[in-house]
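Next comes coords-v5.pdb, with PDB, C-alpha atoms.
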ATOM      1  CA  MET E   1      -5.001 -19.344  19.346  1.00  0.00           C
ATOM      2  CA  HIS E   2      -7.700 -21.755  20.417  1.00  0.00           C
ATOM      3  CA  THR E   3      -7.034 -21.027  24.107  1.00  0.00           C
ATOM      4  CA  ILE E   4      -7.185 -17.273  23.530  1.00  0.00           C
ATOM      5  CA  LYS E   5     -10.530 -17.609  21.754  1.00  0.00           C
ATOM      6  CA  GLU E   6     -11.841 -19.908  24.483  1.00  0.00           C
ATOM      7  CA  VAL E   7     -10.810 -17.694  27.407  1.00  0.00           C
ATOM      8  CA  LEU E   8     -11.236 -14.214  25.941  1.00  0.00           C
ATOM      9  CA  ASP E   9     -14.261 -14.610  23.669  1.00  0.00           C
ATOM     10  CA  PRO E  10     -15.334 -12.342  21.993  1.00  0.00           C
ATOM     11  CA  VAL E  11     -11.991 -11.693  20.327  1.00  0.00           C
ATOM     12  CA  VAL E  12     -10.895 -11.140  16.723  1.00  0.00           C
ATOM     13  CA  ILE E  13      -7.674 -12.790  15.541  1.00  0.00           C
ATOM     14  CA  ARG E  14      -6.146 -12.013  12.152  1.00  0.00           C
ATOM     15  CA  GLU E  15      -3.393 -14.393  11.083  1.00  0.00           C
ATOM     16  CA  SER E  16      -0.896 -13.515   8.364  1.00  0.00           C
ATOM     17  CA  LYS E  17      -1.106 -15.815   5.321  1.00  0.00           C
ATOM     18  CA  ILE E  18       2.668 -16.258   5.387  1.00  0.00           C
ATOM     19  CA  ASN E  19       5.336 -15.938   8.078  1.00  0.00           C
ATOM     20  CA  LEU E  20       6.882 -12.555   8.769  1.00  0.00           C
ATOM     21  CA  GLY E  21      10.611 -12.531   8.047  1.00  0.00           C
ATOM     22  CA  LEU E  22      10.482 -15.506   5.699  1.00  0.00           C
ATOM     23  CA  THR E  23      13.312 -15.610   3.145  1.00  0.00           C
ATOM     24  CA  ALA E  24      13.219 -17.918   0.138  1.00  0.00           C
ATOM     25  CA  ILE E  25      14.567 -18.615  -3.300  1.00  0.00           C
ATOM     26  CA  ALA E  26      11.672 -17.968  -5.672  1.00  0.00           C
ATOM     27  CA  GLU E  27      11.223 -19.138  -9.227  1.00  0.00           C
ATOM     28  CA  VAL E  28       9.600 -16.636 -11.572  1.00  0.00           C
ATOM     29  CA  ILE E  29       6.609 -18.383 -13.142  1.00  0.00           C
ATOM     30  CA  ASP E  30       5.039 -15.427 -14.955  1.00  0.00           C
ATOM     31  CA  GLU E  31       6.831 -12.309 -16.132  1.00  0.00           C
ATOM     32  CA  GLY E  32       4.721  -9.167 -15.890  1.00  0.00           C
ATOM     33  CA  ASP E  33       5.353  -5.549 -16.819  1.00  0.00           C
ATOM     34  CA  LYS E  34       5.250  -4.180 -13.256  1.00  0.00           C
ATOM     35  CA  ARG E  35       5.297  -7.308 -11.131  1.00  0.00           C
ATOM     36  CA  SER E  36       6.270 -10.913 -11.680  1.00  0.00           C
ATOM     37  CA  LYS E  37       4.537 -13.985 -10.264  1.00  0.00           C
ATOM     38  CA  VAL E  38       6.835 -16.219  -8.213  1.00  0.00           C
ATOM     39  CA  ASP E  39       6.706 -19.632  -6.557  1.00  0.00           C
ATOM     40  CA  ILE E  40       8.725 -20.544  -3.439  1.00  0.00           C
ATOM     41  CA  GLY E  41       7.488 -24.127  -3.291  1.00  0.00           C
ATOM     42  CA  THR E  42       5.125 -23.616  -0.339  1.00  0.00           C
ATOM     43  CA  ALA E  43       3.378 -20.479  -1.617  1.00  0.00           C
ATOM     44  CA  GLN E  44       2.978 -18.295  -4.669  1.00  0.00           C
ATOM     45  CA  GLY E  45       2.873 -14.527  -4.797  1.00  0.00           C
ATOM     46  CA  TYR E  46       4.252 -11.510  -6.587  1.00  0.00           C
ATOM     47  CA  VAL E  47       7.417  -9.459  -6.523  1.00  0.00           C
ATOM     48  CA  TRP E  48       7.538  -5.899  -7.888  1.00  0.00           C
ATOM     49  CA  GLY E  49       9.709  -5.678 -10.973  1.00  0.00           C
ATOM     50  CA  LYS E  50      10.137  -7.434 -14.278  1.00  0.00           C
ATOM     51  CA  PHE E  51      12.084 -10.683 -13.932  1.00  0.00           C
ATOM     52  CA  PRO E  52      12.566 -13.264 -16.709  1.00  0.00           C
ATOM     53  CA  GLN E  53      10.361 -16.345 -16.476  1.00  0.00           C
ATOM     54  CA  GLY E  54      12.282 -19.319 -15.071  1.00  0.00           C
ATOM     55  CA  SER E  55      14.846 -17.187 -13.230  1.00  0.00           C
ATOM     56  CA  LYS E  56      15.502 -17.676  -9.501  1.00  0.00           C
ATOM     57  CA  ILE E  57      15.636 -14.714  -7.108  1.00  0.00           C
ATOM     58  CA  LEU E  58      15.968 -14.171  -3.366  1.00  0.00           C
ATOM     59  CA  VAL E  59      12.740 -12.817  -1.853  1.00  0.00           C
ATOM     60  CA  SER E  60      11.421 -12.102   1.632  1.00  0.00           C
ATOM     61  CA  ILE E  61       8.290 -11.153   3.563  1.00  0.00           C
ATOM     62  CA  ARG E  62       8.719  -7.851   5.385  1.00  0.00           C
ATOM     63  CA  ASP E  63       5.093  -7.054   6.253  1.00  0.00           C
ATOM     64  CA  PRO E  64       2.243  -9.277   7.390  1.00  0.00           C
ATOM     65  CA  ILE E  65      -0.273 -10.245   4.699  1.00  0.00           C
ATOM     66  CA  PHE E  66      -3.832 -10.877   5.769  1.00  0.00           C
ATOM     67  CA  GLU E  67      -6.217 -10.773   2.812  1.00  0.00           C
ATOM     68  CA  ASP E  68      -4.394  -9.446  -0.236  1.00  0.00           C
ATOM     69  CA  ASP E  69      -2.081 -11.282  -2.623  1.00  0.00           C
ATOM     70  CA  ILE E  70       1.257 -12.288  -1.141  1.00  0.00           C
ATOM     71  CA  ILE E  71       3.792  -9.630  -2.096  1.00  0.00           C
ATOM     72  CA  PHE E  72       7.432 -10.593  -1.678  1.00  0.00           C
ATOM     73  CA  SER E  73      10.238  -8.050  -1.442  1.00  0.00           C
ATOM     74  CA  PRO E  74      13.406  -8.651  -3.411  1.00  0.00           C
ATOM     75  CA  GLY E  75      16.340  -9.425  -1.134  1.00  0.00           C
ATOM     76  CA  VAL E  76      16.646 -11.140   2.223  1.00  0.00           C
ATOM     77  CA  CYS E  77      15.523 -10.641   5.783  1.00  0.00           C
ATOM     78  CA  ALA E  78      15.578 -12.782   8.907  1.00  0.00           C
ATOM     79  CA  SER E  79      13.520 -12.551  12.057  1.00  0.00           C
ATOM     80  CA  GLY E  80      14.402 -13.386  15.609  1.00  0.00           C
ATOM     81  CA  LYS E  81      12.767 -13.006  18.987  1.00  0.00           C
ATOM     82  CA  TYR E  82      13.443  -9.260  19.312  1.00  0.00           C
ATOM     83  CA  SER E  83      13.953  -7.963  15.791  1.00  0.00           C
ATOM     84  CA  MET E  84      13.874  -8.557  12.069  1.00  0.00           C
ATOM     85  CA  LEU E  85      16.929  -7.712   9.963  1.00  0.00           C
ATOM     86  CA  ILE E  86      16.071  -6.282   6.532  1.00  0.00           C
ATOM     87  CA  GLN E  87      18.307  -5.869   3.487  1.00  0.00           C
ATOM     88  CA  ASN E  88      17.883  -2.341   2.086  1.00  0.00           C
ATOM     89  CA  GLY E  89      15.516  -1.527   4.957  1.00  0.00           C
ATOM     90  CA  ASP E  90      15.084   1.199   7.536  1.00  0.00           C
ATOM     91  CA  ILE E  91      15.312   1.085  11.317  1.00  0.00           C
ATOM     92  CA  SER E  92      11.897   1.052  12.980  1.00  0.00           C
ATOM     93  CA  LEU E  93      10.819   0.837  16.598  1.00  0.00           C
ATOM     94  CA  PRO E  94       7.483   0.296  18.328  1.00  0.00           C
ATOM     95  CA  LYS E  95       5.834   3.748  18.179  1.00  0.00           C
ATOM     96  CA  HIS E  96       5.310   4.155  21.904  1.00  0.00           C
ATOM     97  CA  ILE E  97       9.039   3.851  22.685  1.00  0.00           C
ATOM     98  CA  THR E  98      10.487   5.824  19.766  1.00  0.00           C
ATOM     99  CA  ASN E  99      11.280   8.916  21.865  1.00  0.00           C
ATOM    100  CA  SER E 100      11.920   7.109  25.143  1.00  0.00           C
ATOM    101  CA  TRP E 101      15.266   6.218  26.720  1.00  0.00           C
ATOM    102  CA  LYS E 102      14.868   2.594  25.515  1.00  0.00           C
ATOM    103  CA  GLY E 103      14.032   3.718  21.990  1.00  0.00           C
ATOM    104  CA  LYS E 104      17.127   5.911  21.828  1.00  0.00           C
ATOM    105  CA  LYS E 105      19.292   3.036  23.120  1.00  0.00           C
ATOM    106  CA  LEU E 106      17.887   0.658  20.480  1.00  0.00           C
ATOM    107  CA  LEU E 107      18.394   3.204  17.703  1.00  0.00           C
ATOM    108  CA  SER E 108      22.000   3.730  18.788  1.00  0.00           C
ATOM    109  CA  LEU E 109      22.527  -0.035  19.049  1.00  0.00           C
ATOM    110  CA  ALA E 110      21.179  -0.562  15.538  1.00  0.00           C
ATOM    111  CA  LYS E 111      23.347   2.178  14.057  1.00  0.00           C
ATOM    112  CA  GLU E 112      26.521   0.759  15.628  1.00  0.00           C
ATOM    113  CA  THR E 113      25.724  -2.901  14.841  1.00  0.00           C
ATOM    114  CA  LEU E 114      24.087  -2.949  11.408  1.00  0.00           C
ATOM    115  CA  PRO E 115      26.228  -2.984   8.263  1.00  0.00           C
ATOM    116  CA  SER E 116      25.630  -0.291   5.664  1.00  0.00           C
ATOM    117  CA  GLY E 117      22.514  -0.969   3.587  1.00  0.00           C
ATOM    118  CA  TRP E 118      20.706  -2.931   6.302  1.00  0.00           C
ATOM    119  CA  GLY E 119      17.761  -2.012   8.498  1.00  0.00           C
ATOM    120  CA  ALA E 120      15.964  -3.597  11.422  1.00  0.00           C
ATOM    121  CA  THR E 121      12.451  -3.675  12.768  1.00  0.00           C
ATOM    122  CA  PHE E 122      12.353  -4.053  16.536  1.00  0.00           C
ATOM    123  CA  PHE E 123       9.453  -5.980  18.056  1.00  0.00           C
ATOM    124  CA  GLU E 124       7.602  -5.307  21.316  1.00  0.00           C
ATOM    125  CA  THR E 125       9.558  -8.188  22.877  1.00  0.00           C
ATOM    126  CA  CYS E 126      12.694  -6.019  23.017  1.00  0.00           C
ATOM    127  CA  ILE E 127      11.211  -3.442  25.382  1.00  0.00           C
ATOM    128  CA  ASN E 128      12.141  -5.205  28.630  1.00  0.00           C
ATOM    129  CA  THR E 129      15.182  -7.024  27.268  1.00  0.00           C
ATOM    130  CA  ASP E 130      18.843  -6.265  27.922  1.00  0.00           C
ATOM    131  CA  GLU E 131      20.557  -4.495  25.008  1.00  0.00           C
ATOM    132  CA  LYS E 132      23.405  -7.048  25.082  1.00  0.00           C
ATOM    133  CA  GLU E 133      20.963  -9.850  24.273  1.00  0.00           C
ATOM    134  CA  ILE E 134      19.400  -7.806  21.466  1.00  0.00           C
ATOM    135  CA  LYS E 135      22.841  -7.015  20.031  1.00  0.00           C
ATOM    136  CA  GLU E 136      23.764 -10.725  20.072  1.00  0.00           C
ATOM    137  CA  GLU E 137      20.587 -11.526  18.170  1.00  0.00           C
ATOM    138  CA  LEU E 138      21.293  -8.799  15.593  1.00  0.00           C
ATOM    139  CA  GLU E 139      24.795 -10.188  15.056  1.00  0.00           C
ATOM    140  CA  GLN E 140      23.374 -13.707  14.560  1.00  0.00           C
ATOM    141  CA  LEU E 141      20.799 -12.384  12.087  1.00  0.00           C
ATOM    142  CA  ILE E 142      23.502 -10.486  10.180  1.00  0.00           C
ATOM    143  CA  SER E 143      25.532 -13.678   9.881  1.00  0.00           C
ATOM    144  CA  LYS E 144      22.466 -15.639   8.751  1.00  0.00           C
ATOM    145  CA  CYS E 145      21.508 -13.039   6.118  1.00  0.00           C
ATOM    146  CA  LYS E 146      25.044 -12.868   4.775  1.00  0.00           C
ATOM    147  CA  SER E 147      24.987 -16.651   4.370  1.00  0.00           C
ATOM    148  CA  PHE E 148      21.753 -16.348   2.344  1.00  0.00           C
ATOM    149  CA  LEU E 149      23.453 -13.862   0.020  1.00  0.00           C
ATOM    150  CA  ASP E 150      26.289 -16.353  -0.575  1.00  0.00           C
ATOM    151  CA  ILE E 151      23.821 -18.969  -1.880  1.00  0.00           C
ATOM    152  CA  LYS E 152      23.574 -19.248  -5.643  1.00  0.00           C
ATOM    153  CA  PRO E 153      19.804 -19.370  -6.244  1.00  0.00           C
ATOM    154  CA  GLU E 154      19.345 -22.618  -8.154  1.00  0.00           C
ATOM    155  CA  VAL E 155      16.479 -24.473  -6.474  1.00  0.00           C
ATOM    156  CA  LYS E 156      13.336 -22.749  -5.189  1.00  0.00           C
ATOM    157  CA  GLY E 157      12.558 -23.148  -1.521  1.00  0.00           C
ATOM    158  CA  VAL E 158      12.433 -21.532   1.906  1.00  0.00           C
ATOM    159  CA  LEU E 159      15.783 -20.567   3.461  1.00  0.00           C
ATOM    160  CA  HIS E 160      14.413 -19.016   6.681  1.00  0.00           C
ATOM    161  CA  GLU E 161      10.922 -19.800   8.004  1.00  0.00           C
ATOM    162  CA  GLY E 162      10.374 -16.477   9.741  1.00  0.00           C
ATOM    163  CA  ILE E 163       7.824 -16.197  12.549  1.00  0.00           C
ATOM    164  CA  ASP E 164       4.087 -16.727  12.781  1.00  0.00           C
ATOM    165  CA  TYR E 165       2.356 -13.359  12.939  1.00  0.00           C
ATOM    166  CA  CYS E 166      -1.128 -12.452  14.065  1.00  0.00           C
ATOM    167  CA  GLU E 167      -3.009  -9.438  15.349  1.00  0.00           C
ATOM    168  CA  ILE E 168      -5.424  -9.858  18.226  1.00  0.00           C
ATOM    169  CA  TYR E 169      -8.239  -7.398  18.816  1.00  0.00           C
ATOM    170  CA  LEU E 170      -9.914  -7.563  22.199  1.00  0.00           C
ATOM    171  CA  SER E 171     -13.474  -6.474  22.851  1.00  0.00           C
ATOM    172  CA  PHE E 172     -14.398  -4.513  25.988  1.00  0.00           C
ATOM    173  CA  GLU E 173     -15.594  -7.752  27.577  1.00  0.00           C
ATOM    174  CA  SER E 174     -12.335  -9.510  26.702  1.00  0.00           C
ATOM    175  CA  LYS E 175     -10.258  -6.728  28.239  1.00  0.00           C
ATOM    176  CA  ALA E 176     -12.353  -6.904  31.412  1.00  0.00           C
ATOM    177  CA  LYS E 177     -11.604 -10.650  31.701  1.00  0.00           C
TER     178      LYS E 177
END
Give the structure from the file, written as structure tokens.
Amino acid sequence: MHTIKEVLDPVVIRESKINLGLTAIAEVIDEGDKRSKVDIGTAQGYVWGKFPQGSKILVSIRDPIFEDDIIFSPGVCASGKYSMLIQNGDISLPKHITNSWKGKKLLSLAKETLPSGWGATFFETCINTDEKEIKEELEQLISKCKSFLDIKPEVKGVLHEGIDYCEIYLSFESKAK
């Protein structure tokens, strides 16, 4: 980040408070009516739903969080270089390739590879990547997520670190550089 700021100044960089695709065992520390406060050991946040205080649940981060409270989703996900596998999720592609040949290939690949009840978010990194490599990653992520579901949640902690996520906004001057 420092190099980007040094070379492309002025530039705005927004970093997510917590890694995208993180999966953890959370301990409920405060039971609320609509959302419960949870602790994963390295961070605290909320999960929608009423869970008994002291219980342990599997949670994940499916969207970047910049300024608001950390909101975990119940269930697991795992991120790789090209995609993020999401329990009870949808299939999503970068908008500019949704109707392209590549987008249609990725959608077909996801439908044939993903088990029922699973979704995937494809990242920009998949655009110029061979579908075989993407399929191998999806299969590895499926295996990893299934192993998370086999864990009996007893001790809070991170199971999958996820990936660092940031958004970079370039000024006109930065783009010219």
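Residue nearest E:Asp69 within the list E:Val11, E:Ile134, E:Val47, E:Ala120: E:Val47 [criterion: smallest interatomic distance, only C-alpha atoms].
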Exercise for review: Would you translate the PyMOL selection byres ((chain E and resi 148) around 9) into the concrete set of residues it matches in this file, as a ChimeraX atom specification?
Suggested key: /E:23-24,58,76,143-147,149-152,159-160
Review point. Which residues fall under the PyMOL selection byres ((chain E and resi 49) around 6) in this file, as a ChimeraX atom specification?
Key: /E:34-35,48,50
Practice item. Name the residues captured by the PyMOL selection byres ((chain E and resi 65-67) around 9) when it is applied to the shown file; answer as a PyMOL selection string. Key: chain E and resi 14-20+61+63-64+68-71+166
Practice item. Give the answer as one residue: which of E:Leu141, E:Met84, E:Ile91, E:Ile97 has the shortest atom-to-atom distance to E:Lys111, using only C-alpha atoms? Key: E:Ile91
Check your understanding: Looking at all atoms listed in the file, which of E:Val38, E:Leu109, E:Leu114, E:Leu138 is the one that sits closest to E:Tyr82?
Key ->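 Closest candidate: E:Leu138.
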Point to revise | Nearest candidate to E:Asn128 (options E:Gly103, E:Lys175, E:Ser36, E:Lys156; using only C-alpha atoms) | key: E:Gly103
